$ cat data-v3.txt   # compact mmCIF, C-alpha atoms
# COMPACT_ATOMS: atom_id res chain seq x y z
CA MET W 787 102.63 107.91 85.70
CA LYS W 788 102.48 104.17 85.03
CA ALA W 789 105.29 101.82 86.03
CA ILE W 790 104.20 99.31 83.37
CA GLU W 791 101.60 99.29 80.61
CA TRP W 792 100.47 96.72 78.02
CA LEU W 793 100.34 98.10 74.45
CA ASP W 794 98.94 95.09 72.50
CA ASP W 795 102.24 93.91 70.98
CA ARG W 796 104.74 95.40 73.44
CA VAL W 797 105.16 96.53 77.02
CA ARG W 798 105.94 100.09 78.07
CA ILE W 799 107.87 100.50 81.32
CA LEU W 800 109.16 103.48 83.22
CA ASP W 801 112.93 102.98 83.56
CA GLN W 802 113.37 103.28 87.31
CA THR W 803 117.15 103.30 87.10
CA GLN W 804 116.99 106.79 85.58
CA LEU W 805 114.78 108.32 88.29
CA PRO W 806 114.61 110.88 89.72
CA GLY W 807 116.80 112.66 87.18
CA LYS W 808 114.95 111.56 84.07
CA GLU W 809 111.48 110.17 83.41
CA ALA W 810 112.30 107.78 80.57
CA TYR W 811 110.13 105.03 79.13
CA LEU W 812 111.16 101.84 77.35
CA GLU W 813 108.98 99.95 74.90
CA LEU W 814 109.90 96.27 74.84
CA ASN W 815 108.47 93.61 72.52
CA ARG W 816 110.60 90.57 73.42
CA HIS W 817 110.42 88.50 76.59
CA GLN W 818 114.24 88.50 76.77
CA ASP W 819 114.24 92.30 76.97
CA ILE W 820 111.76 92.29 79.83
CA ALA W 821 113.87 89.66 81.61
CA SER W 822 116.90 91.94 81.24
CA ALA W 823 114.89 94.92 82.51
CA ILE W 824 113.85 92.95 85.60
CA LYS W 825 117.44 91.88 86.30
CA ALA W 826 118.72 95.43 85.87
CA LEU W 827 115.98 96.82 88.16
CA LYS W 828 114.53 98.98 85.41
CA ILE W 829 111.26 97.49 86.59
CA ARG W 830 111.29 96.38 90.22
CA GLY W 831 109.19 95.77 93.31
CA ALA W 832 107.61 92.39 94.07
CA PRO W 833 104.11 93.03 92.63
CA ALA W 834 105.47 94.94 89.63
CA ILE W 835 107.90 92.20 88.57
CA GLY W 836 105.07 89.68 88.84
CA VAL W 837 103.08 91.78 86.38
CA ALA W 838 106.13 92.27 84.15
CA GLY W 839 106.79 88.53 84.17
CA ALA W 840 103.22 87.77 83.08
CA TYR W 841 103.46 90.26 80.23
CA ALA W 842 106.83 88.81 79.21
CA VAL W 843 105.29 85.35 78.92
CA ALA W 844 102.42 86.74 76.85
CA LEU W 845 104.85 88.48 74.48
CA GLY W 846 106.99 85.37 74.20
CA ALA W 847 103.94 83.24 73.46
CA LEU W 848 102.82 85.54 70.64
CA LYS W 849 106.14 84.90 68.86
CA ILE W 850 106.07 81.08 69.07
CA LYS W 851 105.73 79.69 65.53
CA THR W 852 103.96 76.36 65.79
CA THR W 853 100.44 74.95 65.64
CA SER W 854 101.38 71.95 67.79
CA LYS W 855 100.20 72.34 71.36
CA ALA W 856 102.99 70.08 72.64
CA GLU W 857 105.68 72.08 70.84
CA PHE W 858 104.08 75.33 71.97
CA LEU W 859 104.13 74.28 75.63
CA LYS W 860 107.75 73.18 75.32
CA ASP W 861 108.77 76.59 73.97
CA LEU W 862 106.61 78.34 76.54
CA ARG W 863 108.29 76.48 79.39
CA ASN W 864 111.67 77.76 78.17
CA ILE W 865 110.31 81.31 78.16
CA ILE W 866 108.93 80.90 81.67
CA GLN W 867 112.23 79.50 82.92
CA THR W 868 114.07 82.53 81.50
CA ILE W 869 111.75 84.92 83.33
CA ALA W 870 111.78 82.88 86.56
CA ALA W 871 115.57 83.01 86.72
CA THR W 872 115.72 86.81 86.86
CA ARG W 873 115.06 87.37 90.58
CA PRO W 874 114.54 84.53 93.09
CA THR W 875 113.24 86.13 96.31
CA ALA W 876 109.88 87.75 95.49
CA ARG W 877 106.92 85.35 95.53
CA ASN W 878 104.81 87.42 93.12
CA LEU W 879 106.93 86.53 90.10
CA PRO W 880 106.74 82.72 90.32
CA ARG W 881 103.07 82.98 91.31
CA ALA W 882 102.29 84.97 88.16
CA LEU W 883 104.30 82.52 86.03
CA GLU W 884 102.44 79.56 87.55
CA ARG W 885 99.14 81.17 86.59
CA MET W 886 100.34 81.77 83.05
CA GLN W 887 101.46 78.13 82.77
CA GLN W 888 98.09 76.90 84.06
CA THR W 889 96.25 79.09 81.58
CA ALA W 890 98.28 77.74 78.67
CA GLU W 891 97.66 74.14 79.67
CA ALA W 892 93.89 74.66 80.00
CA VAL W 893 93.29 75.75 76.37
CA LYS W 894 93.64 73.35 73.44
CA ASP W 895 94.05 75.52 70.33
CA VAL W 896 97.42 77.33 70.09
CA GLU W 897 95.99 80.59 68.76
CA GLN W 898 93.40 80.62 71.50
CA VAL W 899 96.13 79.93 74.05
CA LYS W 900 97.99 83.05 72.91
CA LYS W 901 94.85 85.16 73.32
CA ALA W 902 94.17 83.60 76.71
CA LEU W 903 97.69 84.38 77.91
CA VAL W 904 97.37 88.05 76.97
CA THR W 905 94.01 88.20 78.75
CA LYS W 906 95.48 86.50 81.83
CA ALA W 907 98.47 88.86 81.99
CA ILE W 908 96.19 91.89 81.82
CA ALA W 909 94.01 90.32 84.54
CA ILE W 910 97.05 89.74 86.79
CA HIS W 911 97.95 93.42 86.41
CA SER W 912 94.40 94.52 87.18
CA GLU W 913 94.15 92.23 90.20
CA GLU W 914 97.43 93.46 91.68
CA ALA W 915 96.32 97.07 91.25
CA ALA W 916 92.99 96.35 92.94
CA ALA W 917 94.67 94.42 95.76
CA THR W 918 97.13 97.19 96.55
CA LEU W 919 94.38 99.80 96.62
CA LYS W 920 92.28 97.68 98.98
CA LEU W 921 95.14 96.88 101.35
CA SER W 922 96.17 100.54 101.38
CA LYS W 923 92.67 101.54 102.48
CA LEU W 924 92.65 98.84 105.18
CA GLY W 925 96.13 99.72 106.40
CA SER W 926 95.38 103.43 106.61
CA GLU W 927 93.28 102.68 109.70
CA LEU W 928 96.54 102.00 111.54
CA ILE W 929 97.98 105.41 110.69
CA LYS W 930 96.61 108.04 113.06
CA ASP W 931 96.35 111.77 112.49
CA GLY W 932 99.63 113.44 113.47
CA PHE W 933 101.77 110.29 113.11
CA THR W 934 105.40 110.31 112.05
CA VAL W 935 105.90 107.15 109.99
CA LEU W 936 109.21 105.52 109.10
CA THR W 937 109.34 103.57 105.84
CA HIS W 938 112.13 101.67 104.09
CA CYS W 939 113.00 101.07 100.43
CA ASN W 940 110.35 101.84 97.81
CA THR W 941 106.79 100.52 97.97
CA GLY W 942 104.63 102.96 96.02
CA PRO W 943 103.09 102.74 92.54
CA LEU W 944 106.55 102.29 91.01
CA ALA W 945 107.08 99.04 92.91
CA THR W 946 103.59 97.63 92.61
CA ALA W 947 102.21 98.58 89.18
CA GLY W 948 99.19 99.66 91.19
CA TYR W 949 98.52 101.89 94.19
CA GLY W 950 101.35 100.85 96.48
CA THR W 951 101.83 98.72 99.60
CA ALA W 952 103.55 100.40 102.56
CA LEU W 953 103.72 103.70 100.70
CA GLY W 954 100.19 103.12 99.44
CA VAL W 955 99.00 102.97 103.06
CA ILE W 956 100.76 106.27 103.75
CA ILE W 957 99.35 107.91 100.61
CA GLN W 958 95.84 106.72 101.45
CA ALA W 959 96.10 108.11 105.00
CA HIS W 960 97.29 111.43 103.55
CA GLU W 961 94.39 111.52 101.08
CA GLN W 962 92.01 111.02 104.00
CA GLY W 963 93.21 114.33 105.38
CA LYS W 964 95.45 112.98 108.14
CA LYS W 965 98.42 115.21 108.93
CA LEU W 966 101.46 112.97 108.57
CA LYS W 967 105.20 113.22 108.44
CA VAL W 968 107.30 110.52 106.85
CA LEU W 969 110.90 109.57 107.53
CA ALA W 970 112.22 107.74 104.46
CA THR W 971 115.45 105.78 104.68
CA GLU W 972 117.81 106.17 101.73
CA THR W 973 118.01 102.35 101.55
CA ARG W 974 121.43 101.06 100.67
CA PRO W 975 122.87 99.77 98.46
CA LEU W 976 120.80 101.13 95.55
CA LEU W 977 119.34 104.18 97.30
CA GLN W 978 115.83 103.26 96.25
CA GLY W 979 114.45 105.25 99.16
CA ALA W 980 116.41 108.37 98.27
CA ARG W 981 115.80 108.09 94.53
CA LEU W 982 112.30 106.61 94.29
CA THR W 983 110.39 106.91 97.57
CA ALA W 984 111.45 110.53 97.99
CA TRP W 985 110.33 111.19 94.41
CA GLU W 986 106.92 109.55 94.97
CA LEU W 987 106.36 111.32 98.30
CA LYS W 988 107.22 114.65 96.69
CA GLU W 989 104.84 113.95 93.82
CA ALA W 990 102.10 113.07 96.32
CA GLY W 991 102.68 116.24 98.33
CA ILE W 992 103.34 114.37 101.58
CA PRO W 993 105.75 116.04 104.06
CA PHE W 994 108.85 113.87 104.47
CA THR W 995 112.47 113.87 105.53
CA LEU W 996 115.15 111.67 104.02
CA ILE W 997 117.53 109.95 106.46
CA THR W 998 120.33 107.42 106.10
CA ASP W 999 119.58 103.84 107.12
CA SER W 1000 121.81 104.09 110.18
CA MET W 1001 119.91 107.10 111.59
CA ALA W 1002 116.70 105.15 112.30
CA GLY W 1003 117.70 104.09 115.83
CA TYR W 1004 118.55 107.66 116.76
CA PHE W 1005 115.09 108.96 115.86
CA MET W 1006 113.36 105.98 117.49
CA SER W 1007 115.25 106.51 120.74
CA LYS W 1008 114.16 110.15 120.78
CA GLY W 1009 110.49 109.15 120.55
CA GLU W 1010 110.08 110.78 117.14
CA ILE W 1011 108.61 107.77 115.29
CA ASP W 1012 105.07 106.48 115.87
CA CYS W 1013 105.21 103.42 113.64
CA VAL W 1014 107.27 101.66 110.98
CA ILE W 1015 105.67 100.32 107.82
CA VAL W 1016 107.46 98.35 105.11
CA GLY W 1017 106.60 96.20 102.13
CA ALA W 1018 107.56 92.58 101.49
CA ASP W 1019 108.92 90.33 98.78
CA ARG W 1020 107.89 87.01 100.32
CA ILE W 1021 106.02 86.10 103.49
CA ALA W 1022 106.22 82.58 104.91
CA LEU W 1023 103.30 80.77 106.57
CA ASN W 1024 104.48 81.68 110.07
CA GLY W 1025 104.72 85.39 109.17
CA ASP W 1026 108.50 85.57 108.69
CA THR W 1027 109.03 88.24 106.04
CA ALA W 1028 111.72 88.83 103.42
CA ASN W 1029 112.14 92.48 102.46
CA LYS W 1030 114.86 94.86 101.32
CA ILE W 1031 118.11 94.45 103.26
CA GLY W 1032 118.01 96.48 106.46
CA THR W 1033 114.39 95.67 107.30
CA TYR W 1034 115.37 93.19 110.01
CA THR W 1035 117.48 95.87 111.68
CA LEU W 1036 114.55 98.28 111.71
CA ALA W 1037 112.23 95.63 113.16
CA VAL W 1038 114.61 94.89 116.05
CA LEU W 1039 115.03 98.60 116.76
CA ALA W 1040 111.27 99.13 116.66
CA LYS W 1041 110.62 96.32 119.13
CA GLU W 1042 113.31 97.63 121.48
CA ASN W 1043 111.64 101.05 121.41
CA ASN W 1044 108.02 99.76 121.65
CA ILE W 1045 107.11 101.03 118.18
CA PRO W 1046 104.55 99.13 116.05
CA PHE W 1047 106.13 97.46 113.02
CA TYR W 1048 103.78 96.80 110.11
CA VAL W 1049 104.26 94.83 106.88
CA ALA W 1050 102.02 95.65 103.89
CA ALA W 1051 101.77 93.27 100.94
CA PRO W 1052 99.21 91.69 98.61
CA LEU W 1053 98.35 88.02 99.11
CA THR W 1054 100.40 87.18 96.00
CA THR W 1055 103.45 87.92 98.17
CA VAL W 1056 102.44 85.35 100.79
CA ASP W 1057 103.89 81.86 100.26
CA PRO W 1058 101.97 79.36 102.44
CA ALA W 1059 104.13 76.54 101.06
CA LEU W 1060 107.09 77.82 103.11
CA ALA W 1061 106.87 77.06 106.83
CA SER W 1062 109.32 79.77 107.84
CA GLY W 1063 111.65 82.45 106.55
CA ALA W 1064 114.56 80.01 106.68
CA GLU W 1065 113.22 78.58 103.39
CA ILE W 1066 113.06 81.89 101.53
CA PRO W 1067 115.77 82.18 98.83
CA ILE W 1068 117.81 85.36 99.26
CA GLU W 1069 119.09 87.05 96.11
CA LEU W 1070 122.78 87.95 96.09
CA ARG W 1071 123.47 90.83 93.73
CA SER W 1072 126.67 92.25 92.29
CA PRO W 1073 129.15 93.75 94.77
CA ASP W 1074 129.39 96.70 92.37
CA GLU W 1075 126.05 97.92 93.73
CA VAL W 1076 127.80 98.41 97.08
CA THR W 1077 131.13 99.78 95.88
CA HIS W 1078 129.61 102.06 93.23
CA ILE W 1079 126.71 104.50 93.04
CA GLN W 1080 125.32 105.00 89.52
CA GLY W 1081 128.60 103.76 88.07
CA VAL W 1082 130.83 105.96 90.20
CA SER W 1083 133.25 104.14 92.52
CA ILE W 1084 132.99 105.13 96.20
CA ALA W 1085 135.36 102.46 97.54
CA PRO W 1086 138.98 101.40 96.91
CA GLU W 1087 139.41 99.30 93.80
CA GLY W 1088 139.72 95.55 94.23
CA ILE W 1089 138.11 95.22 97.67
CA GLU W 1090 135.63 92.50 98.58
CA ALA W 1091 131.98 93.42 99.13
CA LEU W 1092 128.84 91.42 99.83
CA ASN W 1093 125.42 92.37 98.55
CA PRO W 1094 122.44 90.32 99.76
CA ALA W 1095 119.42 92.19 98.42
CA PHE W 1096 117.06 91.07 101.20
CA ASP W 1097 116.97 89.94 104.81
CA VAL W 1098 114.30 88.05 106.74
CA THR W 1099 112.45 89.59 109.66
CA PRO W 1100 111.28 86.88 112.11
CA HIS W 1101 107.56 87.07 112.83
CA PRO W 1102 107.84 87.96 116.57
CA TYR W 1103 109.13 91.40 115.51
CA ILE W 1104 106.07 92.09 113.32
CA THR W 1105 103.00 93.75 114.85
CA ALA W 1106 100.64 93.11 111.92
CA ILE W 1107 100.61 92.12 108.24
CA ILE W 1108 98.33 94.21 106.05
CA THR W 1109 96.79 92.42 103.03
CA GLU W 1110 93.74 92.99 100.83
CA GLY W 1111 92.16 90.06 102.65
CA GLY W 1112 92.45 91.80 106.01
CA ILE W 1113 94.94 92.84 108.66
CA ILE W 1114 96.59 89.74 110.15
CA ARG W 1115 97.90 89.74 113.71
CA GLN W 1116 99.62 87.07 115.80
CA PRO W 1117 99.41 84.12 115.50
CA PHE W 1118 100.17 84.75 111.84
CA GLU W 1119 99.99 81.12 110.69
CA GLU W 1120 96.37 80.84 111.78
CA GLY W 1121 95.48 84.18 110.22
CA ILE W 1122 97.18 83.38 106.91
CA LYS W 1123 95.47 79.99 106.69
CA ASN W 1124 92.08 81.57 107.37
CA ILE W 1125 92.54 84.24 104.70
CA PHE W 1126 93.61 81.71 102.06
CA THR W 1127 90.72 79.42 102.98
CA ASN W 1128 88.27 82.30 102.61
CA LYS W 1129 89.93 83.33 99.33
CA SER W 1130 89.65 79.79 97.94
CA ASN W 1131 85.97 79.57 98.92
CA SER W 1132 85.30 82.92 97.28
CA GLU W 1133 87.00 81.82 94.04
CA ILE W 1134 84.97 78.60 94.00
CA GLN W 1135 81.73 80.60 94.38
CA LYS W 1136 82.72 82.95 91.50
CA GLN W 1137 83.30 79.93 89.27
CA GLY W 1138 79.71 78.83 89.90
$ encode --input "data-v3.txt" --output "structure tokens"
Amino acid sequence: MKAIEWLDDRVRILDQTQLPGKEAYLELNRHQDIASAIKALKIRGAPAIGVAGAYAVALGALKIKTTSKAEFLKDLRNIIQTIAATRPTARNLPRALERMQQTAEAVKDVEQVKKALVTKAIAIHSEEAAATLKLSKLGSELIKDGFTVLTHCNTGPLATAGYGTALGVIIQAHEQGKKLKVLATETRPLLQGARLTAWELKEAGIPFTLITDSMAGYFMSKGEIDCVIVGADRIALNGDTANKIGTYTLAVLAKENNIPFYVAAPLTTVDPALASGAEIPIELRSPDEVTHIQGVSIAPEGIEALNPAFDVTPHPYITAIITEGGIIRQPFEEGIKNIFTNKSNSEIQKQG
């Protein structure tokens, strides 16, 4: 099962809106179609939409009809702006688009630029997959044999186009032979936990129980949860973390009940340019996603509803942040700076 795959002149994605009822794939060959798929959550999850965005730029570039580098870059910027406008919160998407822009500007010949953009998009996909596998292995050290782990939203291969983040950590611990039990929240408003995480856990053969979001405090108070692990869409320099709506609530409950609260995300999710979570843009989605489930109304017609897709968990509520560069603990700002400094030095050495 692959959430997204490059097929030379098109992109194949697993339509996540049809899971778990139907495993349907879409083959898209226009950047506008990928943009629509991202908006509609047919492809979703911070790392996965970064990969999808890179592929969308590559596809768009292949269709630009000009030999002028200046004209090409002008058209490419319009394509990038279309993709960037799809979802504002996750850092991975603008980071991938920045890398595609830089690649285009570094090559002179238009035909060579097109080839370079395809190569870069494939590399971004490969790097995200490698990063999620590495962070999952590192994070599995925090999951002890016999643990009951609470997770929120969906953070497995579907969301990452790789191994997974929070769910990747759980899967890795399971593959190491640790006996685990998972409590998965249904995750309102789109039920991504009930539809997607439950599906991935079942496929992986990991024992789990589905609960509603509002049940988490009950199980914590009874001492039935050993740790909470979630993914992230953007992490500020101080460690404040934006994730699926309801994450902040879980973090507060975990702290009140002395339960470790872990965030797992690749470094492409970390945004050192933002000092705190107050600067993270929060996506507001259609109220229909609250008042309806898969097109069926569950609320009175004509009522008002609000639908922020994410909330921000302040860093004091977070026990550790798991990345491919290492597990970061308080103070997070110092740890994040050190990891990015080491990463920059490593990239310089690779370049010669």
$ residues_around --input "data-v3.txt" --residues "Ile835 in chain W" --least-positions-apart "2" --cutoff "12 Å" --atoms "only C-alpha atoms" --output "ChimeraX atom specification"
/W:789-790,799,820-833,837-842,869-870,872-883,907,910-911,914,944-948,1019,1054-1055
$ atom_distance --input "data-v3.txt" --atom1 "CA of Glu897 in chain W" --atom2 "CA of Lys851 in chain W"
10.3 Å
$ residues_around --input "data-v3.txt" --residues "range 1032-1041 of chain W" --least-positions-apart "4" --cutoff "7 Å" --atoms "all atoms listed in the file" --output "MDAnalysis selection string"
chainID W and resid 1003 1045:1047 1097:1099 1103
$ residues_around --input "data-v3.txt" --residues "Gly1025 in chain W" --least-positions-apart "2" --cutoff "9 Å" --atoms "only C-alpha atoms" --output "list in words"
Ile1021, Ala1022, Leu1023, Thr1027, Val1056, Ala1061, Ser1062, Gly1063, Thr1099, Pro1100, His1101, Pro1102, Ile1104, Ile1107, Gln1116, Pro1117, Phe1118, Glu1119 and Ile1122 of chain W
$ atom_distance --input "data-v3.txt" --atom1 "CA of Arg796 in chain W" --atom2 "CA of Leu859 in chain W"
21.2 Å
$ atom_distance --input "data-v3.txt" --atom1 "CA of Ile997 in chain W" --atom2 "CA of Thr971 in chain W"
5.0 Å
$ residues_near_point --input "data-v3.txt" --point "(101.4, 97.2, 69.6)" --cutoff "12 Å" --atoms "all atoms listed in the file" --output "PyMOL selection string"
chain W and resi 791-798+813-816+845+848
$ residues_around --input "data-v3.txt" --residues "range 931-942 of chain W" --least-positions-apart "2" --cutoff "7 Å" --atoms "all atoms listed in the file" --output "count of residues only"
32
$ residues_around --input "data-v3.txt" --residues "range 1067-1081 of chain W" --least-positions-apart "3" --cutoff "8 Å" --atoms "all atoms listed in the file" --output "ChimeraX atom specification"
/W:873-875,974-976,1084-1085,1090-1097
$ closest_residue --input "data-v3.txt" --among "W:Gly991, W:Gly846, W:Pro943, W:Gly1121" --to "Ala1106 in chain W" --atoms "only C-alpha atoms"
W:Gly1121
$ residues_near_point --input "data-v3.txt" --point "(103.3, 93.4, 101.8)" --cutoff "6 Å" --atoms "all atoms listed in the file" --output "list in words"
Thr951, Gly1017, Ala1018, Val1049, Ala1050, Ala1051 and Pro1052 of chain W
$ closest_residue --input "data-v3.txt" --among "W:Asn1128, W:Thr853, W:Thr803, W:Asn1024" --to "Val899 in chain W" --atoms "all atoms listed in the file"
W:Thr853
$ closest_residue --input "data-v3.txt" --among "W:Asp801, W:Glu989, W:Glu857, W:Glu913" --to "Gly836 in chain W" --atoms "all atoms listed in the file"
W:Glu913
$ closest_residue --input "data-v3.txt" --among "W:Lys894, W:Lys1123, W:Lys900, W:Arg885" --to "Ala844 in chain W" --atoms "all atoms listed in the file"
W:Lys900
$ build_atoms --input "data-v3.txt" --residues "range 832-861 of chain W" --atoms "N, CA and C atoms" --output "short mmCIF file (atom, residue, chain, number, x, y, z; two decimals), in the frame of the given file"
data_model
loop_
_atom_site.label_atom_id
_atom_site.label_comp_id
_atom_site.auth_asym_id
_atom_site.auth_seq_id
_atom_site.Cartn_x
_atom_site.Cartn_y
_atom_site.Cartn_z
N ALA W 832 108.17 93.74 94.19
CA ALA W 832 107.61 92.39 94.07
C ALA W 832 106.35 92.32 93.21
N PRO W 833 105.30 93.12 93.49
CA PRO W 833 104.11 93.03 92.63
C PRO W 833 104.39 93.42 91.19
N ALA W 834 105.22 94.45 90.99
CA ALA W 834 105.47 94.94 89.63
C ALA W 834 106.23 93.91 88.79
N ILE W 835 107.18 93.18 89.38
CA ILE W 835 107.90 92.20 88.57
C ILE W 835 107.02 90.98 88.30
N GLY W 836 106.04 90.72 89.15
CA GLY W 836 105.07 89.68 88.84
C GLY W 836 104.27 90.04 87.60
N VAL W 837 103.82 91.29 87.54
CA VAL W 837 103.08 91.78 86.38
C VAL W 837 103.98 91.76 85.14
N ALA W 838 105.20 92.25 85.28
CA ALA W 838 106.13 92.27 84.15
C ALA W 838 106.41 90.86 83.64
N GLY W 839 106.55 89.91 84.56
CA GLY W 839 106.79 88.53 84.17
C GLY W 839 105.63 87.95 83.38
N ALA W 840 104.41 88.26 83.81
CA ALA W 840 103.22 87.77 83.08
C ALA W 840 103.18 88.35 81.68
N TYR W 841 103.45 89.65 81.56
CA TYR W 841 103.46 90.26 80.23
C TYR W 841 104.58 89.69 79.36
N ALA W 842 105.72 89.39 79.96
CA ALA W 842 106.83 88.81 79.21
C ALA W 842 106.44 87.46 78.62
N VAL W 843 105.74 86.66 79.41
CA VAL W 843 105.29 85.35 78.92
C VAL W 843 104.30 85.53 77.77
N ALA W 844 103.40 86.49 77.91
CA ALA W 844 102.42 86.74 76.85
C ALA W 844 103.12 87.16 75.56
N LEU W 845 104.10 88.05 75.66
CA LEU W 845 104.85 88.48 74.48
C LEU W 845 105.61 87.32 73.85
N GLY W 846 106.25 86.52 74.71
CA GLY W 846 106.99 85.37 74.20
C GLY W 846 106.08 84.40 73.50
N ALA W 847 104.90 84.18 74.05
CA ALA W 847 103.94 83.24 73.46
C ALA W 847 103.48 83.71 72.09
N LEU W 848 103.27 85.01 71.92
CA LEU W 848 102.82 85.54 70.64
C LEU W 848 103.82 85.28 69.52
N LYS W 849 105.09 85.09 69.86
CA LYS W 849 106.14 84.90 68.86
C LYS W 849 106.45 83.42 68.59
N ILE W 850 105.82 82.51 69.30
CA ILE W 850 106.07 81.08 69.07
C ILE W 850 105.42 80.66 67.75
N LYS W 851 106.20 80.05 66.87
CA LYS W 851 105.73 79.69 65.53
C LYS W 851 105.48 78.19 65.43
N THR W 852 104.35 77.76 65.92
CA THR W 852 103.96 76.36 65.79
C THR W 852 102.46 76.24 66.01
N THR W 853 101.86 75.24 65.40
CA THR W 853 100.44 74.95 65.64
C THR W 853 100.28 73.74 66.56
N SER W 854 101.40 73.12 66.89
CA SER W 854 101.38 71.95 67.79
C SER W 854 101.33 72.41 69.24
N LYS W 855 100.33 71.95 69.96
CA LYS W 855 100.20 72.34 71.36
C LYS W 855 101.39 71.85 72.18
N ALA W 856 101.85 70.64 71.90
CA ALA W 856 102.99 70.08 72.64
C ALA W 856 104.25 70.91 72.40
N GLU W 857 104.50 71.26 71.15
CA GLU W 857 105.68 72.08 70.84
C GLU W 857 105.55 73.49 71.45
N PHE W 858 104.33 74.00 71.40
CA PHE W 858 104.08 75.33 71.97
C PHE W 858 104.39 75.34 73.46
N LEU W 859 103.90 74.33 74.18
CA LEU W 859 104.13 74.28 75.63
C LEU W 859 105.61 74.09 75.95
N LYS W 860 106.31 73.36 75.11
CA LYS W 860 107.75 73.18 75.32
C LYS W 860 108.47 74.52 75.20
N ASP W 861 108.15 75.27 74.15
CA ASP W 861 108.77 76.59 73.97
C ASP W 861 108.36 77.54 75.09
#
